[in-house]
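This is structure_29.cif (mmCIF, C-alpha atoms).
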```
data_input
loop_
_atom_site.label_atom_id
_atom_site.label_comp_id
_atom_site.auth_asym_id
_atom_site.auth_seq_id
_atom_site.Cartn_x
_atom_site.Cartn_y
_atom_site.Cartn_z
CA MET F 22 -7.92 24.93 19.45
CA LYS F 23 -11.10 26.13 17.75
CA LEU F 24 -12.43 24.00 14.90
CA LYS F 25 -12.33 25.99 11.69
CA ASN F 26 -15.21 25.91 9.26
CA ILE F 27 -14.11 22.96 7.12
CA ASP F 28 -16.99 20.65 6.19
CA LEU F 29 -15.44 17.17 6.01
CA GLU F 30 -18.67 15.56 4.80
CA THR F 31 -18.79 17.96 1.88
CA MET F 32 -15.09 17.35 1.20
CA MET F 33 -15.76 13.60 1.15
CA GLU F 34 -18.72 13.94 -1.21
CA VAL F 35 -16.82 16.29 -3.52
CA GLU F 36 -13.84 13.93 -3.64
CA GLN F 37 -16.08 10.97 -4.48
CA LYS F 38 -17.81 12.91 -7.28
CA LYS F 39 -14.67 14.56 -8.62
CA ARG F 40 -13.40 13.47 -12.02
CA LYS F 41 -10.85 10.74 -11.36
CA ILE F 42 -7.55 9.91 -13.01
CA TRP F 43 -6.21 6.57 -11.79
CA LYS F 44 -2.66 5.58 -12.73
CA LEU F 45 -2.25 1.83 -12.41
CA VAL F 46 0.83 -0.34 -12.93
CA LEU F 47 0.40 -3.98 -13.93
CA THR F 48 3.58 -5.91 -13.33
CA GLY F 49 4.63 -9.50 -12.67
CA GLY F 50 6.59 -12.38 -14.11
CA PRO F 51 6.07 -13.82 -17.60
CA CYS F 52 2.75 -15.53 -18.36
CA GLY F 53 0.97 -14.01 -15.38
CA GLY F 54 -2.06 -12.65 -17.23
CA LYS F 55 -1.08 -9.02 -17.83
CA THR F 56 -2.30 -8.93 -21.43
CA THR F 57 -5.67 -10.48 -20.59
CA GLY F 58 -5.90 -8.38 -17.45
CA GLN F 59 -5.43 -5.16 -19.40
CA ALA F 60 -8.11 -6.12 -21.90
CA ARG F 61 -10.63 -7.11 -19.22
CA LEU F 62 -9.92 -4.01 -17.13
CA SER F 63 -10.41 -1.86 -20.22
CA THR F 64 -13.75 -3.45 -21.05
CA PHE F 65 -14.99 -3.25 -17.46
CA PHE F 66 -14.17 0.45 -16.97
CA GLU F 67 -15.24 1.48 -20.46
CA ASN F 68 -18.64 -0.08 -19.65
CA LEU F 69 -18.75 2.23 -16.62
CA GLY F 70 -18.21 5.21 -18.92
CA TRP F 71 -14.51 5.70 -18.21
CA LYS F 72 -11.86 6.52 -20.77
CA VAL F 73 -9.10 3.89 -20.60
CA TYR F 74 -5.55 4.42 -21.86
CA ARG F 75 -3.18 1.45 -22.16
CA VAL F 76 0.51 2.36 -22.02
CA PRO F 77 2.52 -0.25 -23.99
CA GLU F 78 5.37 -2.11 -22.32
CA THR F 79 8.51 -0.16 -23.24
CA ALA F 80 10.78 -3.19 -22.89
CA THR F 81 8.68 -5.19 -25.37
CA VAL F 82 8.86 -2.33 -27.88
CA LEU F 83 12.66 -2.17 -27.61
CA LEU F 84 13.30 -5.90 -27.43
CA GLY F 85 10.98 -6.41 -30.39
CA GLY F 86 13.43 -4.32 -32.40
CA GLY F 87 16.07 -7.04 -32.28
CA VAL F 88 17.69 -6.40 -28.89
CA ASN F 89 18.78 -9.56 -27.06
CA PHE F 90 19.29 -8.43 -23.47
CA GLY F 91 21.21 -11.58 -22.56
CA ASP F 92 23.90 -10.80 -25.17
CA LEU F 93 24.62 -7.29 -23.88
CA LYS F 94 27.83 -6.56 -21.99
CA PRO F 95 27.35 -5.18 -18.46
CA TYR F 96 27.94 -1.53 -19.39
CA ALA F 97 25.60 -1.88 -22.40
CA ALA F 98 22.93 -3.57 -20.28
CA MET F 99 23.05 -0.74 -17.75
CA GLU F 100 22.86 1.88 -20.50
CA PHE F 101 19.92 0.00 -22.03
CA GLN F 102 18.02 0.07 -18.71
CA GLU F 103 18.74 3.78 -18.32
CA ASN F 104 17.43 4.54 -21.81
CA LEU F 105 14.47 2.24 -21.17
CA LEU F 106 13.60 4.22 -18.01
CA ARG F 107 13.82 7.55 -19.85
CA THR F 108 11.71 6.27 -22.73
CA MET F 109 9.13 4.73 -20.40
CA ILE F 110 8.73 7.95 -18.41
CA GLN F 111 8.26 9.98 -21.60
CA ILE F 112 5.70 7.55 -23.04
CA GLU F 113 3.81 7.46 -19.74
CA ASN F 114 3.87 11.25 -19.49
CA THR F 115 2.21 11.43 -22.90
CA PHE F 116 -0.69 9.27 -21.72
CA PHE F 117 -0.88 11.05 -18.35
CA ALA F 118 -1.23 14.37 -20.20
CA LEU F 119 -4.02 12.93 -22.36
CA ALA F 120 -5.83 11.81 -19.20
CA GLU F 121 -5.45 15.26 -17.65
CA ALA F 122 -6.90 16.86 -20.78
CA SER F 123 -9.91 14.54 -20.85
CA GLU F 124 -13.23 15.58 -19.34
CA ARG F 125 -14.06 11.97 -18.41
CA ASN F 126 -12.88 9.71 -15.61
CA CYS F 127 -9.67 8.10 -16.86
CA LEU F 128 -7.89 4.86 -16.05
CA VAL F 129 -4.29 4.73 -17.29
CA ILE F 130 -2.94 1.16 -17.31
CA CYS F 131 0.83 1.01 -17.46
CA ASP F 132 2.24 -2.31 -18.68
CA ARG F 133 5.03 -2.30 -16.11
CA GLY F 134 6.33 0.91 -14.56
CA SER F 135 9.45 2.82 -13.66
CA MET F 136 10.67 0.52 -10.86
CA ASP F 137 10.61 -2.59 -13.08
CA ALA F 138 13.83 -1.38 -14.68
CA SER F 139 15.57 -1.74 -11.29
CA ALA F 140 15.03 -5.52 -11.37
CA PHE F 141 17.69 -5.94 -14.06
CA VAL F 142 20.59 -3.96 -12.56
CA SER F 143 22.39 -3.97 -9.23
CA LYS F 144 21.31 -1.64 -6.43
CA GLN F 145 24.42 0.49 -6.95
CA GLU F 146 23.82 0.72 -10.71
CA TRP F 147 20.19 1.66 -10.10
CA GLU F 148 21.17 4.45 -7.73
CA GLU F 149 23.65 5.74 -10.32
CA ILE F 150 20.91 5.74 -12.97
CA LEU F 151 18.58 7.69 -10.66
CA SER F 152 21.32 10.17 -9.78
CA ARG F 153 22.28 10.83 -13.42
CA ASN F 154 18.63 11.46 -14.30
CA SER F 155 17.80 13.57 -11.22
CA CYS F 156 15.24 11.02 -10.03
CA ASP F 157 14.47 9.55 -6.64
CA GLU F 158 12.42 6.48 -5.73
CA VAL F 159 9.73 8.29 -3.75
CA ASP F 160 8.83 10.42 -6.77
CA ILE F 161 9.04 7.79 -9.53
CA ARG F 162 7.40 5.05 -7.44
CA ASP F 163 5.14 6.39 -4.66
CA ASN F 164 4.05 9.73 -6.12
CA ARG F 165 3.84 8.66 -9.77
CA TYR F 166 1.32 5.80 -9.61
CA HIS F 167 -1.81 5.35 -7.49
CA GLN F 168 -1.66 1.55 -7.37
CA VAL F 169 0.62 -1.34 -8.34
CA ILE F 170 -0.70 -4.84 -9.00
CA HIS F 171 1.65 -7.78 -9.35
CA LEU F 172 0.20 -10.70 -11.31
CA VAL F 173 2.16 -13.77 -10.25
CA THR F 174 3.62 -15.83 -13.09
CA SER F 175 1.87 -19.12 -13.83
CA ALA F 176 5.32 -20.67 -13.28
CA LYS F 177 4.47 -20.32 -9.57
CA GLY F 178 1.51 -22.52 -8.75
CA ALA F 179 -0.02 -22.99 -12.22
CA GLU F 180 2.92 -24.54 -14.07
CA LYS F 181 0.83 -26.54 -16.52
CA PHE F 182 -0.42 -23.26 -18.01
CA TYR F 183 3.02 -21.71 -18.44
CA SER F 184 3.93 -21.20 -22.10
CA ILE F 185 6.40 -19.18 -24.16
CA GLU F 186 4.55 -19.79 -27.43
CA ASP F 187 2.94 -16.93 -29.33
CA HIS F 188 5.13 -14.35 -27.57
CA ALA F 189 7.97 -12.93 -29.62
CA THR F 190 10.07 -11.67 -26.69
CA ARG F 191 9.34 -14.36 -24.06
CA LYS F 192 12.15 -16.90 -23.82
CA GLU F 193 12.24 -17.81 -20.10
CA GLY F 194 12.00 -21.36 -18.81
CA LEU F 195 10.17 -22.13 -15.56
CA GLU F 196 13.03 -21.36 -13.17
CA GLU F 197 13.97 -18.15 -14.94
CA ALA F 198 10.31 -17.09 -15.00
CA ARG F 199 10.07 -17.62 -11.24
CA ASP F 200 13.23 -15.62 -10.69
CA ARG F 201 11.97 -12.79 -12.92
CA ASP F 202 8.68 -12.79 -11.03
CA THR F 203 10.39 -12.49 -7.65
CA LYS F 204 12.63 -9.65 -8.84
CA ALA F 205 9.66 -7.79 -10.34
CA ALA F 206 7.77 -8.04 -7.05
CA GLU F 207 10.76 -6.93 -4.98
CA ALA F 208 11.28 -3.91 -7.26
CA TRP F 209 8.02 -2.40 -5.99
CA ILE F 210 8.56 -2.95 -2.28
CA GLY F 211 7.79 0.35 -0.62
CA HIS F 212 4.90 1.58 -2.74
CA PRO F 213 2.00 2.27 -0.36
CA TYR F 214 -0.58 0.37 -2.44
CA VAL F 215 0.82 -2.90 -3.80
CA ASP F 216 -1.52 -5.83 -4.36
CA ILE F 217 -0.39 -9.33 -5.33
CA ILE F 218 -2.76 -11.54 -7.32
CA ASP F 219 -1.51 -15.12 -7.06
CA ASN F 220 -2.60 -18.40 -8.66
CA SER F 221 -4.64 -19.72 -5.74
CA THR F 222 -7.78 -19.66 -7.92
CA ASP F 223 -8.49 -20.50 -11.54
CA PHE F 224 -7.56 -17.93 -14.18
CA GLU F 225 -11.06 -16.48 -14.58
CA MET F 226 -11.28 -15.77 -10.87
CA LYS F 227 -7.72 -14.39 -10.95
CA ILE F 228 -8.84 -11.77 -13.48
CA ASN F 229 -11.99 -11.04 -11.46
CA ARG F 230 -9.81 -10.52 -8.38
CA LEU F 231 -7.71 -8.10 -10.39
CA ILE F 232 -10.73 -6.02 -11.46
CA SER F 233 -12.22 -6.11 -7.97
CA CYS F 234 -8.90 -5.02 -6.47
CA VAL F 235 -8.65 -1.97 -8.74
CA ALA F 236 -12.29 -0.97 -8.23
CA GLY F 237 -11.97 -1.41 -4.47
CA LYS F 238 -8.93 0.85 -4.20
CA MET F 239 -10.75 3.50 -6.26
CA GLY F 240 -13.75 3.33 -3.94
CA ILE F 241 -16.07 2.09 -6.70
CA ASP F 242 -18.92 -0.11 -5.47
CA ILE F 243 -19.21 -3.08 -7.83
CA GLY F 244 -21.80 -4.94 -5.72
CA ASP F 245 -21.86 -8.70 -6.22
CA ARG F 246 -20.63 -8.64 -9.79
CA LEU F 247 -17.11 -9.81 -8.94
CA LYS F 248 -17.42 -11.31 -5.49
CA VAL F 249 -14.09 -11.97 -3.83
CA ASN F 250 -13.23 -12.42 -0.18
CA SER F 251 -10.03 -10.40 0.06
CA ARG F 252 -9.74 -8.67 3.42
CA LYS F 253 -7.26 -6.65 5.41
CA VAL F 254 -5.84 -8.45 8.44
CA LYS F 255 -3.71 -7.16 11.30
CA PHE F 256 -1.52 -9.02 13.81
CA ALA F 257 0.24 -7.92 16.99
CA VAL F 258 3.96 -8.75 16.92
CA ASN F 259 6.01 -9.20 20.07
CA LEU F 260 9.49 -7.82 20.63
CA PRO F 261 12.34 -8.17 20.00
CA LEU F 262 12.52 -6.88 16.43
CA PRO F 263 14.68 -9.37 14.50
CA ARG F 264 17.94 -8.28 12.93
CA ASP F 265 17.70 -6.83 9.43
CA SER F 266 19.39 -9.95 8.04
CA ALA F 267 16.40 -12.05 9.16
CA PHE F 268 14.09 -10.16 6.80
CA PRO F 269 13.78 -10.67 3.05
CA SER F 270 14.44 -7.60 0.91
CA PHE F 271 12.64 -4.64 2.52
CA ARG F 272 12.17 -0.85 2.48
CA ASP F 273 11.77 1.29 5.59
CA PHE F 274 9.76 4.52 5.61
CA GLU F 275 9.04 7.21 8.14
CA VAL F 276 5.29 7.58 8.60
CA VAL F 277 3.62 10.42 10.51
CA HIS F 278 -0.14 10.52 11.17
CA HIS F 279 -2.17 13.47 12.46
CA TYR F 280 -5.83 13.09 13.45
CA LEU F 281 -7.97 16.09 12.56
CA GLN F 282 -10.96 17.53 14.37
CA THR F 283 -14.41 16.35 13.27
CA THR F 284 -17.92 17.33 14.36
CA SER F 285 -19.37 13.81 14.37
CA ARG F 286 -18.59 10.52 16.10
CA ASN F 287 -19.31 8.61 12.89
CA MET F 288 -16.44 10.26 11.02
CA GLN F 289 -12.66 10.21 11.37
CA SER F 290 -10.22 12.39 9.46
CA ARG F 291 -6.45 11.99 9.39
CA LEU F 292 -3.36 13.09 7.51
CA ARG F 293 -0.46 10.83 6.60
CA LYS F 294 3.05 11.89 5.66
CA ARG F 295 5.20 9.05 4.35
CA GLY F 296 8.72 9.09 2.97
CA ARG F 297 12.42 8.47 3.27
CA MET F 298 15.56 10.54 2.94
CA GLY F 299 13.61 13.80 3.00
CA LYS F 300 11.19 12.93 0.15
CA TRP F 301 7.53 12.75 1.16
CA SER F 302 4.07 11.84 -0.13
CA TYR F 303 0.90 13.13 1.55
CA ILE F 304 -2.57 11.60 1.91
CA HIS F 305 -5.80 12.81 3.54
CA THR F 306 -8.12 9.99 4.65
CA ILE F 307 -11.76 10.41 5.70
CA ARG F 308 -13.60 7.42 7.20
CA LYS F 309 -17.35 7.55 7.66
CA GLN F 310 -20.09 5.10 8.51
CA VAL F 311 -22.89 5.03 5.93
CA SER F 312 -25.81 2.59 6.38
CA GLY F 313 -23.72 0.40 8.66
CA GLN F 314 -20.79 0.26 6.23
CA VAL F 315 -17.49 2.10 6.72
CA ILE F 316 -16.58 4.15 3.65
CA GLU F 317 -13.01 5.39 3.28
CA VAL F 318 -11.90 8.09 0.85
CA LYS F 319 -8.20 8.81 0.33
CA THR F 320 -7.04 12.01 -1.38
CA PRO F 321 -3.42 12.68 -2.43
CA LEU F 322 -2.26 16.11 -1.26
CA THR F 323 0.36 18.65 -2.16
CA HIS F 324 2.67 19.81 0.62
CA ARG F 325 0.79 23.11 0.68
CA ASP F 326 -2.61 21.43 1.14
CA TYR F 327 -1.14 19.16 3.80
CA THR F 328 0.22 22.13 5.75
CA HIS F 329 -3.13 23.91 5.48
CA LEU F 330 -5.06 20.92 6.85
CA LEU F 331 -2.59 20.55 9.74
CA ASP F 332 -4.28 23.60 11.26
CA GLN F 333 -7.20 21.26 12.01
CA GLN F 334 -5.11 18.85 14.13
CA ASP F 335 -7.12 17.40 17.01
CA PRO F 336 -5.47 18.39 20.33
CA LEU F 337 -6.98 15.30 22.00
CA HIS F 338 -4.68 13.04 19.94
CA PHE F 339 -0.92 12.62 19.88
CA THR F 340 0.89 12.73 16.56
CA VAL F 341 1.63 9.11 15.59
CA ASN F 342 5.22 8.35 14.56
CA LYS F 343 6.15 5.00 13.02
CA ILE F 344 8.69 3.18 10.98
CA ARG F 345 6.86 1.21 8.27
CA ARG F 346 8.81 -1.78 6.97
CA CYS F 347 7.50 -3.18 3.66
CA PHE F 348 8.50 -6.64 2.42
CA LEU F 349 7.38 -9.70 0.46
CA TYR F 350 7.09 -13.14 2.02
CA ASN F 351 5.35 -16.22 0.57
CA ASN F 352 3.90 -14.14 -2.26
CA GLN F 353 2.26 -11.84 0.31
CA TYR F 354 2.95 -8.11 0.64
CA PHE F 355 3.39 -7.16 4.31
CA GLN F 356 3.70 -3.89 6.19
CA LEU F 357 5.21 -3.95 9.68
CA ASP F 358 4.44 -0.76 11.64
CA ILE F 359 6.93 -0.08 14.43
CA TYR F 360 5.74 2.68 16.75
CA LYS F 361 8.42 5.09 17.95
CA ASP F 362 8.87 8.13 20.17
CA PRO F 363 7.40 10.59 20.73
CA CYS F 364 4.24 8.65 21.55
CA HIS F 365 1.89 7.70 24.38
CA PRO F 366 3.37 5.06 26.73
CA ARG F 367 0.73 2.59 25.49
CA CYS F 368 2.42 2.64 22.07
CA LYS F 369 6.01 2.11 23.22
CA GLY F 370 7.44 -1.08 21.74
CA LEU F 371 4.24 -1.80 19.82
CA MET F 372 4.55 -3.54 16.44
CA LEU F 373 1.62 -4.37 14.14
CA LEU F 374 1.78 -6.47 10.96
CA GLU F 375 -0.75 -5.93 8.14
CA THR F 376 -1.52 -7.66 4.87
CA TYR F 377 -4.42 -8.37 2.51
CA THR F 378 -5.46 -11.96 1.96
CA THR F 379 -8.13 -14.24 0.52
CA LEU F 380 -7.00 -17.20 2.63
CA ASP F 381 -8.98 -18.76 5.46
CA PRO F 382 -7.59 -17.86 8.92
CA GLN F 383 -6.08 -21.32 9.44
CA ASP F 384 -4.38 -21.34 6.02
CA LEU F 385 -3.14 -17.78 6.52
CA ILE F 386 -1.23 -18.65 9.69
CA SER F 387 1.15 -20.94 7.76
CA THR F 388 2.05 -18.12 5.32
CA LEU F 389 2.95 -15.50 7.96
CA PRO F 390 6.63 -14.54 8.41
CA ASP F 391 8.17 -17.20 10.62
CA PHE F 392 11.03 -14.91 11.68
CA LEU F 393 8.59 -12.63 13.55
CA ASN F 394 7.21 -13.40 17.00
CA ILE F 395 3.56 -13.04 15.98
CA ASP F 396 1.18 -12.84 18.93
CA GLN F 397 -2.44 -12.84 17.76
CA GLU F 398 -4.76 -11.47 15.10
CA VAL F 399 -6.15 -8.08 16.15
CA THR F 400 -8.15 -7.15 13.02
CA GLY F 401 -10.96 -4.78 14.03
CA ASP F 402 -9.94 -4.82 17.70
CA PRO F 403 -10.37 -1.27 19.12
CA ALA F 404 -7.42 -1.95 21.46
CA PHE F 405 -5.14 -1.79 18.40
CA SER F 406 -6.92 0.98 16.49
CA MET F 407 -4.54 3.83 15.67
CA PHE F 408 -7.32 6.28 16.54
CA ASN F 409 -7.49 4.92 20.11
CA LEU F 410 -3.76 4.34 20.46
CA SER F 411 -3.12 8.03 19.73
CA LEU F 412 -5.55 9.41 22.37
CA ARG F 413 -3.77 11.69 24.85
CA GLU F 414 -5.94 10.77 27.83
CA GLU F 415 -6.27 7.30 29.35
CA TRP F 416 -9.00 5.14 27.83
CA ILE F 417 -11.17 4.54 30.89
CA ASN F 418 -13.97 7.16 31.12
CA ASN F 419 -12.71 8.70 27.87
CA LYS F 420 -15.65 9.66 25.64
CA LYS F 421 -13.31 9.79 22.60
CA PHE F 422 -12.52 6.07 22.81
CA CYS F 423 -14.01 4.52 19.67
CA HIS F 424 -15.46 1.00 19.78
CA ARG F 425 -16.99 1.58 16.34
CA LEU F 426 -17.81 4.51 14.05
CA SER F 427 -21.24 5.65 15.23
CA ASP F 428 -23.24 8.73 16.17
CA ASP F 429 -24.42 6.92 19.29
CA GLU F 430 -22.83 7.63 22.64
CA ASP F 431 -20.73 4.51 23.13
CA GLU F 432 -19.63 4.60 26.77
CA ASP F 433 -19.03 0.95 27.58
CA ASP F 434 -16.48 1.14 30.39
CA GLU F 435 -16.32 -2.63 30.75
CA ALA F 436 -15.52 -3.11 27.04
CA THR F 437 -12.95 -0.30 27.23
CA GLN F 438 -11.28 -1.95 30.23
CA MET F 439 -11.17 -5.26 28.36
CA ALA F 440 -9.51 -3.51 25.38
CA HIS F 441 -6.96 -1.99 27.77
CA ASN F 442 -6.26 -5.46 29.21
CA ARG F 443 -5.73 -6.98 25.73
CA LEU F 444 -3.18 -4.30 24.84
CA GLU F 445 -1.41 -4.73 28.18
CA ALA F 446 -1.24 -8.50 27.64
CA VAL F 447 0.65 -7.98 24.37
CA HIS F 448 3.04 -5.56 26.09
CA ARG F 449 3.71 -8.07 28.89
CA LYS F 450 4.60 -10.79 26.38
CA SER F 451 6.93 -8.40 24.56
CA SER F 452 8.62 -7.46 27.86
CA VAL F 453 9.28 -11.10 28.72
CA ALA F 454 10.50 -11.94 25.21
CA ASP F 455 12.72 -8.88 25.00
CA LEU F 456 14.69 -9.01 28.25
CA SER F 457 17.93 -8.82 26.25
CA GLY F 458 16.58 -7.86 22.83
CA GLN F 459 16.51 -4.70 20.74
CA LYS F 460 13.75 -2.16 21.28
CA THR F 461 15.07 0.75 19.28
CA PRO F 462 13.22 1.25 15.97
CA PRO F 463 15.42 1.14 12.86
CA ASN F 464 16.66 4.35 11.29
CA VAL F 465 15.42 5.36 7.84
#
```
If you convert what's in this file into structure tokens, what do you get?
Amino acid sequence: MKLKNIDLETMMEVEQKKRKIWKLVLTGGPCGGKTTGQARLSTFFENLGWKVYRVPETATVLLGGGVNFGDLKPYAAMEFQENLLRTMIQIENTFFALAEASERNCLVICDRGSMDASAFVSKQEWEEILSRNSCDEVDIRDNRYHQVIHLVTSAKGAEKFYSIEDHATRKEGLEEARDRDTKAAEAWIGHPYVDIIDNSTDFEMKINRLISCVAGKMGIDIGDRLKVNSRKVKFAVNLPLPRDSAFPSFRDFEVVHHYLQTTSRNMQSRLRKRGRMGKWSYIHTIRKQVSGQVIEVKTPLTHRDYTHLLDQQDPLHFTVNKIRRCFLYNNQYFQLDIYKDPCHPRCKGLMLLETYTTLDPQDLISTLPDFLNIDQEVTGDPAFSMFNLSLREEWINNKKFCHRLSDDEDEDDEATQMAHNRLEAVHRKSSVADLSGQKTPPNV
């Protein structure tokens, strides 16, 4: 297949310079820092020259009018949540339209979002609400907001700071606050970019972590102004896949990746299609090494743009097919990628667990899901890089095998053989552990 004249470097530069509209949801349990977080985010981005819109919490507006949710009968409570969802969407749309009309970069901070309403009704009632309003979760969750940040209630880990004073609609005690916090977090399981800011630091650092998290997802370099040590970590997981009942509340998605052709070894380009029940979201990711640092730019796509870019698919790579299982455990948001056919034999039965953390490696181990047979950390290991896993040819003597993003010819056959051996070692452990277990990926 001949590479068409699409300049990925120019695309990356244009995307970075393009006027941005970032739709952010702040959610969490009571007394988690949302009000302060909004104010500090506003100040920070306004100082960068951005226009910031703050969408008020719809529930607070309605409850402030004299509604006592606890006194409502079941049918009235369900109707209230349905009207709340409709009102919230309309209010948000008003601010989204203002952002679209602006000539400046815009941050739109939503004080809670559409999925928060699902935390107060049963799953069946929620599905009925969506059906009556011609909505589906992929559109009102994944495609509607760029990022979701859950600020954990102070009732979890900072109890001495929990207070219901000076808040007209806050009436929860500690246990109820913890329960509300858990339900709010579970409501957003499945969104591709969920970050959880817990109470492992003091409050000032918690707010700094919030700002740094937003800036980082946007691709804004904030230097040393808000130093935090959050990092992405990846673990190999051995078969068998536990039964669904062993997991906490989760959402499964079909994920399809296509690597695109590039003209440089220091750049990778890929498409991602992610969805469930026939509803999809599309992302184009370009990774490039600049001055020794890997820069990653993600661009949401329409289906039409996605189809157009598919013409650039790299014939030296297989399409990558996965089931992505998203869940919360120990206040951590996890994604378990389960590779499925069709794929290269090296991917068969492979499972990789990812999360973001600020914990030291030793402390992190104790927070990992104990119902999974976790093998070892493989963060940054080329043996578990999706780019290498998707290569059609074997790794040895393969010039496409990537040890690191670089323009240099990187033909280290010994290092490639060692990577092959590490992957094979994980497969051997899975084979032994799964003599009578389940290997078939779940259906979405």
### Query
On this structure, which residues satisfy the PyMOL selection byres ((chain F and resi 89-106) around 10), written as a ChimeraX atom specification?
/F:79-80,82-88,107-112,134-143,146-147,149-151,153-154,190
### Contacts of Val465 (chain F) within 12 Å, all atoms listed in the file, excl. fewer than 6 positions in-chain, as a PyMOL selection string
chain F and resi 271-276+295-300+343-346
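Nearest to Thr378 (chain F) of all the residues F:Arg199, F:Arg252, F:Lys238, F:Arg165 is F:Arg252, counting all atoms listed in the file.
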## Note on the structure
Of F:His305, F:Thr328, F:Lys181, F:Gln356, the one sitting nearest Pro213 (chain F) when using all atoms listed in the file is F:Gln356
#### Entry: Contact residues around region 301-303 of chain F with only C-alpha atoms at 12 Å, ignoring same-chain residues under 2 positions, as a PyMOL selection string
chain F and resi 157-167+212-213+274-279+291-299+305-306+319-328+330-331
With C-alpha atoms retained, write the just-selected residues as a PDB file, in the frame of the given file.
```
ATOM      1  CA  ASP F 157      14.470   9.550  -6.640  1.00  0.00           C
ATOM      2  CA  GLU F 158      12.420   6.480  -5.730  1.00  0.00           C
ATOM      3  CA  VAL F 159       9.730   8.290  -3.750  1.00  0.00           C
ATOM      4  CA  ASP F 160       8.830  10.420  -6.770  1.00  0.00           C
ATOM      5  CA  ILE F 161       9.040   7.790  -9.530  1.00  0.00           C
ATOM      6  CA  ARG F 162       7.400   5.050  -7.440  1.00  0.00           C
ATOM      7  CA  ASP F 163       5.140   6.390  -4.660  1.00  0.00           C
ATOM      8  CA  ASN F 164       4.050   9.730  -6.120  1.00  0.00           C
ATOM      9  CA  ARG F 165       3.840   8.660  -9.770  1.00  0.00           C
ATOM     10  CA  TYR F 166       1.320   5.800  -9.610  1.00  0.00           C
ATOM     11  CA  HIS F 167      -1.810   5.350  -7.490  1.00  0.00           C
ATOM     12  CA  HIS F 212       4.900   1.580  -2.740  1.00  0.00           C
ATOM     13  CA  PRO F 213       2.000   2.270  -0.360  1.00  0.00           C
ATOM     14  CA  PHE F 274       9.760   4.520   5.610  1.00  0.00           C
ATOM     15  CA  GLU F 275       9.040   7.210   8.140  1.00  0.00           C
ATOM     16  CA  VAL F 276       5.290   7.580   8.600  1.00  0.00           C
ATOM     17  CA  VAL F 277       3.620  10.420  10.510  1.00  0.00           C
ATOM     18  CA  HIS F 278      -0.140  10.520  11.170  1.00  0.00           C
ATOM     19  CA  HIS F 279      -2.170  13.470  12.460  1.00  0.00           C
ATOM     20  CA  ARG F 291      -6.450  11.990   9.390  1.00  0.00           C
ATOM     21  CA  LEU F 292      -3.360  13.090   7.510  1.00  0.00           C
ATOM     22  CA  ARG F 293      -0.460  10.830   6.600  1.00  0.00           C
ATOM     23  CA  LYS F 294       3.050  11.890   5.660  1.00  0.00           C
ATOM     24  CA  ARG F 295       5.200   9.050   4.350  1.00  0.00           C
ATOM     25  CA  GLY F 296       8.720   9.090   2.970  1.00  0.00           C
ATOM     26  CA  ARG F 297      12.420   8.470   3.270  1.00  0.00           C
ATOM     27  CA  MET F 298      15.560  10.540   2.940  1.00  0.00           C
ATOM     28  CA  GLY F 299      13.610  13.800   3.000  1.00  0.00           C
ATOM     29  CA  HIS F 305      -5.800  12.810   3.540  1.00  0.00           C
ATOM     30  CA  THR F 306      -8.120   9.990   4.650  1.00  0.00           C
ATOM     31  CA  LYS F 319      -8.200   8.810   0.330  1.00  0.00           C
ATOM     32  CA  THR F 320      -7.040  12.010  -1.380  1.00  0.00           C
ATOM     33  CA  PRO F 321      -3.420  12.680  -2.430  1.00  0.00           C
ATOM     34  CA  LEU F 322      -2.260  16.110  -1.260  1.00  0.00           C
ATOM     35  CA  THR F 323       0.360  18.650  -2.160  1.00  0.00           C
ATOM     36  CA  HIS F 324       2.670  19.810   0.620  1.00  0.00           C
ATOM     37  CA  ARG F 325       0.790  23.110   0.680  1.00  0.00           C
ATOM     38  CA  ASP F 326      -2.610  21.430   1.140  1.00  0.00           C
ATOM     39  CA  TYR F 327      -1.140  19.160   3.800  1.00  0.00           C
ATOM     40  CA  THR F 328       0.220  22.130   5.750  1.00  0.00           C
ATOM     41  CA  LEU F 330      -5.060  20.920   6.850  1.00  0.00           C
ATOM     42  CA  LEU F 331      -2.590  20.550   9.740  1.00  0.00           C
TER      43      LEU F 331
END
```
### Message
For the PyMOL selection byres ((chain F and resi 433) around 12), applied here, can you spell out every residue it catches as an MDAnalysis selection string?
### Response
chainID F and resid 416:425 429:432 434:440
